[in-house]
Structures are given as C-alpha cells and as structure tokens.
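Q: Next comes work.pdb, PDB, C-alpha atoms and all ligand atoms:
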ATOM      1  CA  MET A 257     151.104 116.564 164.789
ATOM      2  CA  VAL A 258     148.243 114.880 163.068
ATOM      3  CA  SER A 259     148.908 113.745 159.529
ATOM      4  CA  ASP A 260     146.566 114.556 156.630
ATOM      5  CA  CYS A 261     145.758 110.909 156.446
ATOM      6  CA  ALA A 262     144.670 110.724 160.092
ATOM      7  CA  LEU A 263     142.646 113.906 159.692
ATOM      8  CA  GLN A 264     140.828 112.398 156.784
ATOM      9  CA  SER A 265     140.207 109.259 158.810
ATOM     10  CA  GLN A 266     138.591 111.410 161.497
ATOM     11  CA  ASP A 267     136.525 113.247 158.889
ATOM     12  CA  LEU A 268     135.444 109.931 157.506
ATOM     13  CA  ALA A 269     134.447 108.608 160.927
ATOM     14  CA  VAL A 270     132.431 111.756 161.710
ATOM     15  CA  ALA A 271     130.756 111.663 158.314
ATOM     16  CA  PHE A 272     130.074 107.964 158.712
ATOM     17  CA  ASN A 273     128.410 108.469 162.103
ATOM     18  CA  PHE A 274     126.353 111.314 160.711
ATOM     19  CA  ALA A 275     125.277 109.244 157.725
ATOM     20  CA  SER A 276     124.502 106.279 160.018
ATOM     21  CA  GLU A 277     122.166 108.517 162.040
ATOM     22  CA  CYS A 278     120.515 109.803 158.866
ATOM     23  CA  PHE A 279     120.143 106.297 157.608
ATOM     24  CA  ARG A 280     118.675 105.065 160.895
ATOM     25  CA  SER A 281     115.979 107.719 160.664
ATOM     26  CA  VAL A 282     114.947 106.554 157.205
ATOM     27  CA  GLU A 283     115.577 102.904 157.984
ATOM     28  CA  GLY A 284     111.931 102.181 158.830
ATOM     29  CA  LEU A 285     110.891 103.614 155.501
ATOM     30  CA  ALA A 286     113.573 101.635 153.687
ATOM     31  CA  THR A 287     112.493  98.413 155.425
ATOM     32  CA  ARG A 288     108.882  98.969 154.404
ATOM     33  CA  PHE A 289     110.017  99.551 150.835
ATOM     34  CA  CYS A 290     112.020  96.334 150.940
ATOM     35  CA  ARG A 291     109.114  94.290 152.266
ATOM     36  CA  SER A 292     106.745  95.567 149.604
ATOM     37  CA  ASP A 293     109.247  94.385 147.039
ATOM     38  CA  LEU A 294     110.197  91.198 148.868
ATOM     39  CA  GLY A 295     109.420  88.711 146.111
ATOM     40  CA  SER A 296     111.715  90.242 143.547
ATOM     41  CA  ALA A 297     114.229  91.377 146.164
ATOM     42  CA  TRP A 298     114.587  87.832 147.437
ATOM     43  CA  ILE A 299     115.391  86.559 143.962
ATOM     44  CA  GLU A 300     117.881  89.330 143.520
ATOM     45  CA  PHE A 301     119.401  88.374 146.874
ATOM     46  CA  ARG A 302     119.748  84.807 145.659
ATOM     47  CA  ALA A 303     121.253  86.063 142.436
ATOM     48  CA  ARG A 304     123.977  87.767 144.483
ATOM     49  CA  GLU A 305     122.834  91.199 143.392
ATOM     50  CA  ALA A 306     121.791  94.128 145.540
ATOM     51  CA  VAL A 307     118.697  93.268 147.559
ATOM     52  CA  CYS A 308     117.517  96.729 148.426
ATOM     53  CA  GLY A 309     119.515  99.566 146.946
ATOM     54  CA  PRO A 310     120.512 102.204 149.477
ATOM     55  CA  SER A 311     118.143 105.124 149.836
ATOM     56  CA  GLY A 312     118.860 108.264 147.827
ATOM     57  CA  ILE A 313     120.451 110.150 150.734
ATOM     58  CA  TRP A 314     122.644 107.142 151.546
ATOM     59  CA  ARG A 315     123.610 106.566 147.919
ATOM     60  CA  ASP A 316     124.521 110.232 147.489
ATOM     61  CA  TRP A 317     126.623 110.079 150.644
ATOM     62  CA  LEU A 318     128.402 106.965 149.417
ATOM     63  CA  ALA A 319     129.082 108.635 146.069
ATOM     64  CA  THR A 320     130.567 111.660 147.869
ATOM     65  CA  MET A 321     132.588 109.619 150.328
ATOM     66  CA  SER A 322     133.961 107.291 147.669
ATOM     67  CA  THR A 323     136.047 110.190 146.280
ATOM     68  CA  LYS A 324     137.221 111.193 149.793
ATOM     69  CA  ARG A 325     138.173 107.623 150.572
ATOM     70  CA  ILE A 326     140.862 107.408 147.914
ATOM     71  CA  PRO A 327     143.749 108.863 150.008
ATOM     72  CA  ILE A 328     143.108 106.514 152.933
ATOM     73  CA  HIS A 329     142.790 103.279 150.955
ATOM     74  CA  ARG A 330     145.907 101.806 152.441
ATOM     75  CA  PRO A 331     144.919 102.160 156.144
ATOM     76  CA  ILE A 332     141.503 100.586 155.384
ATOM     77  CA  ARG A 333     143.193  97.794 153.475
ATOM     78  CA  ALA A 334     145.565  97.240 156.372
ATOM     79  CA  GLN A 335     142.554  96.531 158.619
ATOM     80  CA  ILE A 336     141.401  93.597 156.499
ATOM     81  CA  PRO A 337     142.108  90.391 158.453
ATOM     82  CA  LEU A 338     143.968  87.622 156.670
ATOM     83  CA  GLU A 339     141.041  85.262 157.189
ATOM     84  CA  ALA A 340     138.823  87.688 155.252
ATOM     85  CA  LEU A 341     141.235  87.516 152.323
ATOM     86  CA  ASP A 342     141.178  83.709 152.425
ATOM     87  CA  LEU A 343     137.384  83.765 152.424
ATOM     88  CA  PHE A 344     137.265  86.241 149.562
ATOM     89  CA  ARG A 345     139.649  84.122 147.491
ATOM     90  CA  GLU A 346     137.489  81.060 148.078
ATOM     91  CA  MET A 347     134.304  82.990 147.265
ATOM     92  CA  LYS A 348     135.770  84.055 143.938
ATOM     93  CA  ASN A 349     136.415  80.427 143.037
ATOM     94  CA  VAL A 350     132.993  79.090 144.037
ATOM     95  CA  LYS A 351     131.061  77.946 140.962
ATOM     96  CA  CYS A 352     127.313  78.467 140.655
ATOM     97  CA  THR A 353     125.405  75.664 138.936
ATOM     98  CA  CYS A 354     121.908  77.141 139.348
ATOM     99  CA  PRO A 355     119.763  76.806 136.211
ATOM    100  CA  PRO A 356     118.637  80.080 134.609
ATOM    101  CA  ILE A 357     115.741  81.650 136.518
ATOM    102  CA  ASP A 358     112.356  80.868 134.999
ATOM    103  CA  TRP A 359     110.653  84.221 135.490
ATOM    104  CA  LYS A 360     107.373  82.883 134.100
ATOM    105  CA  GLY A 361     107.274  79.948 136.543
ATOM    106  CA  LYS A 362     107.391  79.718 140.351
ATOM    107  CA  TYR A 363     110.782  81.399 140.548
ATOM    108  CA  TRP A 364     110.360  82.064 144.268
ATOM    109  CA  GLU A 365     110.359  78.305 144.974
ATOM    110  CA  ARG A 366     113.697  77.571 143.319
ATOM    111  CA  HIS A 367     116.553  76.231 145.435
ATOM    112  CA  GLU A 368     120.084  77.456 145.411
ATOM    113  CA  CYS A 369     122.861  75.177 144.191
ATOM    114  CA  PRO A 370     125.578  73.876 146.568
ATOM    115  CA  GLY A 371     127.917  76.543 145.173
ATOM    116  CA  CYS A 372     125.508  79.343 146.112
ATOM    117  CA  GLU A 373     124.960  77.813 149.558
ATOM    118  CA  ARG A 374     128.692  77.784 150.100
ATOM    119  CA  TRP A 375     129.039  81.345 148.779
ATOM    120  CA  TRP A 376     126.434  82.684 151.227
ATOM    121  CA  SER A 377     127.932  80.779 154.115
ATOM    122  CA  LEU A 378     131.350  82.331 153.356
ATOM    123  CA  HIS A 379     129.651  85.697 152.908
ATOM    124  CA  SER A 380     128.180  85.526 156.420
ATOM    125  CA  ARG A 381     131.607  84.910 157.887
ATOM    126  CA  LEU A 382     133.137  87.681 155.771
ATOM    127  CA  ALA A 383     130.508  90.125 157.039
ATOM    128  CA  GLN A 384     131.669  89.372 160.589
ATOM    129  CA  LEU A 385     135.316  89.925 159.743
ATOM    130  CA  LEU A 386     135.377  93.085 157.632
ATOM    131  CA  PRO A 387     135.780  96.303 159.611
ATOM    132  CA  GLY A 388     132.857  98.751 159.782
ATOM    133  CA  ILE A 389     130.179  96.408 158.459
ATOM    134  CA  ARG A 390     126.652  97.257 159.638
ATOM    135  CA  PRO A 391     123.484  95.166 159.230
ATOM    136  CA  TRP A 392     122.320  97.172 156.228
ATOM    137  CA  HIS A 393     125.539  96.553 154.305
ATOM    138  CA  TRP A 394     124.089  93.643 152.419
ATOM    139  CA  PRO A 395     125.465  92.012 150.486
ATOM    140  CA  VAL A 396     128.814  93.151 151.858
ATOM    141  CA  ILE A 397     130.537  92.530 148.552
ATOM    142  CA  GLN A 398     129.343  92.496 144.977
ATOM    143  CA  SER A 399     131.319  91.737 141.863
ATOM    144  CA  PRO A 400     131.973  94.823 139.745
ATOM    145  CA  ARG A 401     130.840  92.633 136.858
ATOM    146  CA  ALA A 402     127.396  92.037 138.454
ATOM    147  CA  GLN A 403     124.554  92.454 136.004
ATOM    148  CA  CYS A 404     120.867  93.038 136.509
ATOM    149  CA  PRO A 405     119.271  89.597 137.055
ATOM    150  CA  TYR A 406     115.738  90.684 136.091
ATOM    151  CA  PRO A 407     114.019  90.272 132.749
ATOM    152  CA  GLU A 408     114.489  93.205 130.424
ATOM    153  CA  GLY A 409     111.644  95.695 130.488
ATOM    154  CA  SER A 410     110.421  94.636 133.980
ATOM    155  CA  TYR A 411     109.858  97.105 136.804
ATOM    156  CA  ALA A 412     112.512  95.358 138.912
ATOM    157  CA  ALA A 413     115.036  95.719 136.083
ATOM    158  CA  ALA A 414     114.305  99.446 135.882
ATOM    159  CA  GLN A 415     114.881  99.768 139.639
ATOM    160  CA  TRP A 416     118.062  97.716 139.770
ATOM    161  CA  ARG A 417     121.311  99.559 140.452
ATOM    162  CA  PRO A 418     124.811  98.213 141.107
ATOM    163  CA  ASN A 419     125.662  98.223 144.815
ATOM    164  CA  GLU A 420     128.491 100.739 144.670
ATOM    165  CA  ALA A 421     129.636 100.319 148.283
ATOM    166  CA  ALA A 422     129.686  96.518 147.992
ATOM    167  CA  GLN A 423     131.587  96.760 144.716
ATOM    168  CA  ALA A 424     134.107  99.129 146.336
ATOM    169  CA  ARG A 425     134.689  96.526 149.090
ATOM    170  CA  TRP A 426     135.169  93.861 146.430
ATOM    171  CA  ARG A 427     137.847  95.993 144.725
ATOM    172  CA  GLU A 428     139.499  96.676 148.068
ATOM    173  CA  LEU A 429     139.673  92.957 148.864
ATOM    174  CA  GLU A 430     140.929  92.185 145.385
ATOM    175  CA  ALA A 431     143.709  94.778 145.737
ATOM    176  CA  ALA A 432     144.625  93.441 149.199
ATOM    177  CA  LEU A 433     144.749  89.906 147.830
ATOM    178  CA  LYS A 434     147.079  90.992 145.009
ATOM    179  CA  GLU A 435     149.244  92.855 147.489
ATOM    180  CA  ARG A 436     149.516  89.766 149.691
ATOM    181  CA  LYS A 437     150.446  87.648 146.674
ATOM    182  CA  ARG A 438     153.162  90.117 145.658
ATOM    183  CA  THR A 439     154.556  90.189 149.209
ATOM    184  CA  ALA A 440     154.562  86.380 149.429
ATOM    185  CA  LYS A 441     156.407  86.163 146.095
ATOM    186  CA  TYR A 442     158.943  88.761 147.216
ATOM    187  CA  LEU A 443     159.594  86.881 150.471
ATOM    188  CA  ALA A 444     159.899  83.544 148.642
ATOM    189  CA  ASP A 445     162.356  85.046 146.122
ATOM    190  CA  HIS A 446     164.327  86.642 148.931
ATOM    191  CA  ALA A 447     164.487  83.367 150.885
ATOM    192  CA  ARG A 448     165.618  81.522 147.731
ATOM    193  CA  ASP A 449     168.352  84.103 147.076
ATOM    194  CA  CYS A 450     169.574  83.783 150.671
ATOM    195  CA  THR A 451     169.629  79.974 150.439
ATOM    196  CA  SER A 452     171.547  79.932 147.151
ATOM    197  CA  ARG A 453     174.007  82.510 148.525
ATOM    198  CA  ASP A 454     174.574  80.334 151.597
ATOM    199  CA  ARG A 455     175.243  77.289 149.432
ATOM    200  CA  SER A 456     177.591  79.014 146.998
ATOM    201  CA  PRO A 457     181.297  78.135 147.523
ATOM    202  CA  ARG A 458     183.086  80.500 149.842
ATOM    203  CA  PRO A 459     186.133  82.298 148.460
TER     204      PRO A 459
HETATM  205 ZN    ZN M 501     123.984  78.752 142.203
END
Would you encode the structure as structure tokens?
Ligand SMILES: [Zn+2]

A:
Amino acid sequence: MVSDCALQSQDLAVAFNFASECFRSVEGLATRFCRSDLGSAWIEFRAREAVCGPSGIWRDWLATMSTKRIPIHRPIRAQIPLEALDLFREMKNVKCTCPPIDWKGKYWERHECPGCERWWSLHSRLAQLLPGIRPWHWPVIQSPRAQCPYPEGSYAAAQWRPNEAAQARWRELEAALKERKRTAKYLADHARDCTSRDRSPRP
C-alpha cells in the first residue's frame, strides 16, 4: 500500500516535471528578459537578492506547490546531505564588509568583499549538494529577511520580489540545522547519563 506521503511525493514529482517543461518553453523569453536587465540584475545578484524573478507561470506554480509541500517536509529534509548543512551554517556566519552601493556612481564596477566571495563560493557548492536543484534555481537560497537592494522609487525596486522558492529552501535548511543540533544534544546528554550511571557505586 502506498502511503499518503508517498502519493504526494509522486504528485509533486509529476507536477515538478510538468512545470519544468513549461518553464523550459518560456526559458528563452526569460533569458532575454534577464539580459535586457543585466546591469541591475547583476548588482542584485551581488547583493544576494533574486537575480531574475521567476516568470509568472513559474511563480504561480511555486505558490501553489508551497502549500502542497507542507506534508512532505520531513522526507525532503531527510535528503539534505550533512555537508550541505555545514555549508549553510558557515554561510550564515559569513560577514559582508562591502560598502553601501553608490547608485549614482559606477556601481557596476564595484568589487565584492572577501566575505561575499566566500559566500558565493559556498553557494556554488551548496547548489551541487541540494536535491532537485536546476540551473534556473538561482540563487538557491535567500534569507527570509532579504530586502530590496535598489534605490526607492527606481524601476528595479518596483520589479523586485522576494525569491519565495529560495527562501523556502533557506527555512528548510534552518529547520534541518536545528533538528541536527537537537539530536546532537540529545545524544550527548544520553552518553553523559550512561557514563555517570556506569561510574556510580554498585549496590
Ligand atoms: Zn560583501
């Protein structure tokens, strides 16, 4: 007998393949859109925000699937390799020392700080490790606290949207990290209890 959970996994896989096909068909269009907006998109990329928001059809699909995903969170979380969790933990601790972006100057010539370089290098490795990541899932994670990096009132600011899928991955990794911490603490406590029991005087 197939459990509800497995059924939903199958549904998800079918829906994912369908959406991938849909996305592939509009991919050329999306790429052209991205290129026309490359200057601002590149800065956004550097600012760890969404480079090119998913197309409408893709975004709608993600919004629909995000509610269906809830019951199968645990199996997805179980697929996250330990190395990915280590990377994520390190990424969260990386400090950015970039100066504020001078939008009136040659902002496209600015260099990223060592922290940002490290963050993107870890990000590349994370993208290889997380299950189900495709080339258009970029960035693969985004902080739920991410804010629009563009100047208020600009066209780019009006277009900016949080990357919901990347933020969902961030939350998933965060939950997995907490779970691992709890398990490690439980095991350490258990080992300590066993040791103290062993050392206690026998009746
Ligand atoms: Zn930086």

Q: What does the list of residues within 8 Å of ligand ZN 501 (chain M) look like if you count only C-alpha atoms and all ligand atoms, written as a list in words?

A: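 So, counting only C-alpha atoms and all ligand atoms, the residues near ligand ZN 501 (chain M) are Ala303, Lys351, Cys352, Thr353, Cys354, Pro355, Glu368, Cys369, Pro370, Gly371, Cys372 and Glu373 of chain A.
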
Q: Could you work out how far atom CA of Pro418 of chain A lies from atom CA of Ala402 of chain A, giving the answer in Å with one decimal?

A: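 Here the two named atoms are 7.2 Å from each other.
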
Q: Quick one: pull the distance between atom CA of Leu433 of chain A and atom CA of Leu338 of chain A, Å, one decimal.

A: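 Answer for the atom CA of Leu433 of chain A to atom CA of Leu338 of chain A separation: 9.2 Å.
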
Q: Between atom CA of Asn349 of chain A and atom CA of Glu408 of chain A, what is the distance, to one decimal in Å?

A: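 Here the two named atoms are 28.3 Å from each other.
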
Q: Can you work out which one of A:Val396, A:Ile357, A:Leu443, A:Ala383 has the shortest atom-to-atom distance to Glu420 of chain A, counting only C-alpha atoms?

A: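 Using only C-alpha atoms, the shortest distance to Glu420 of chain A belongs to A:Val396.
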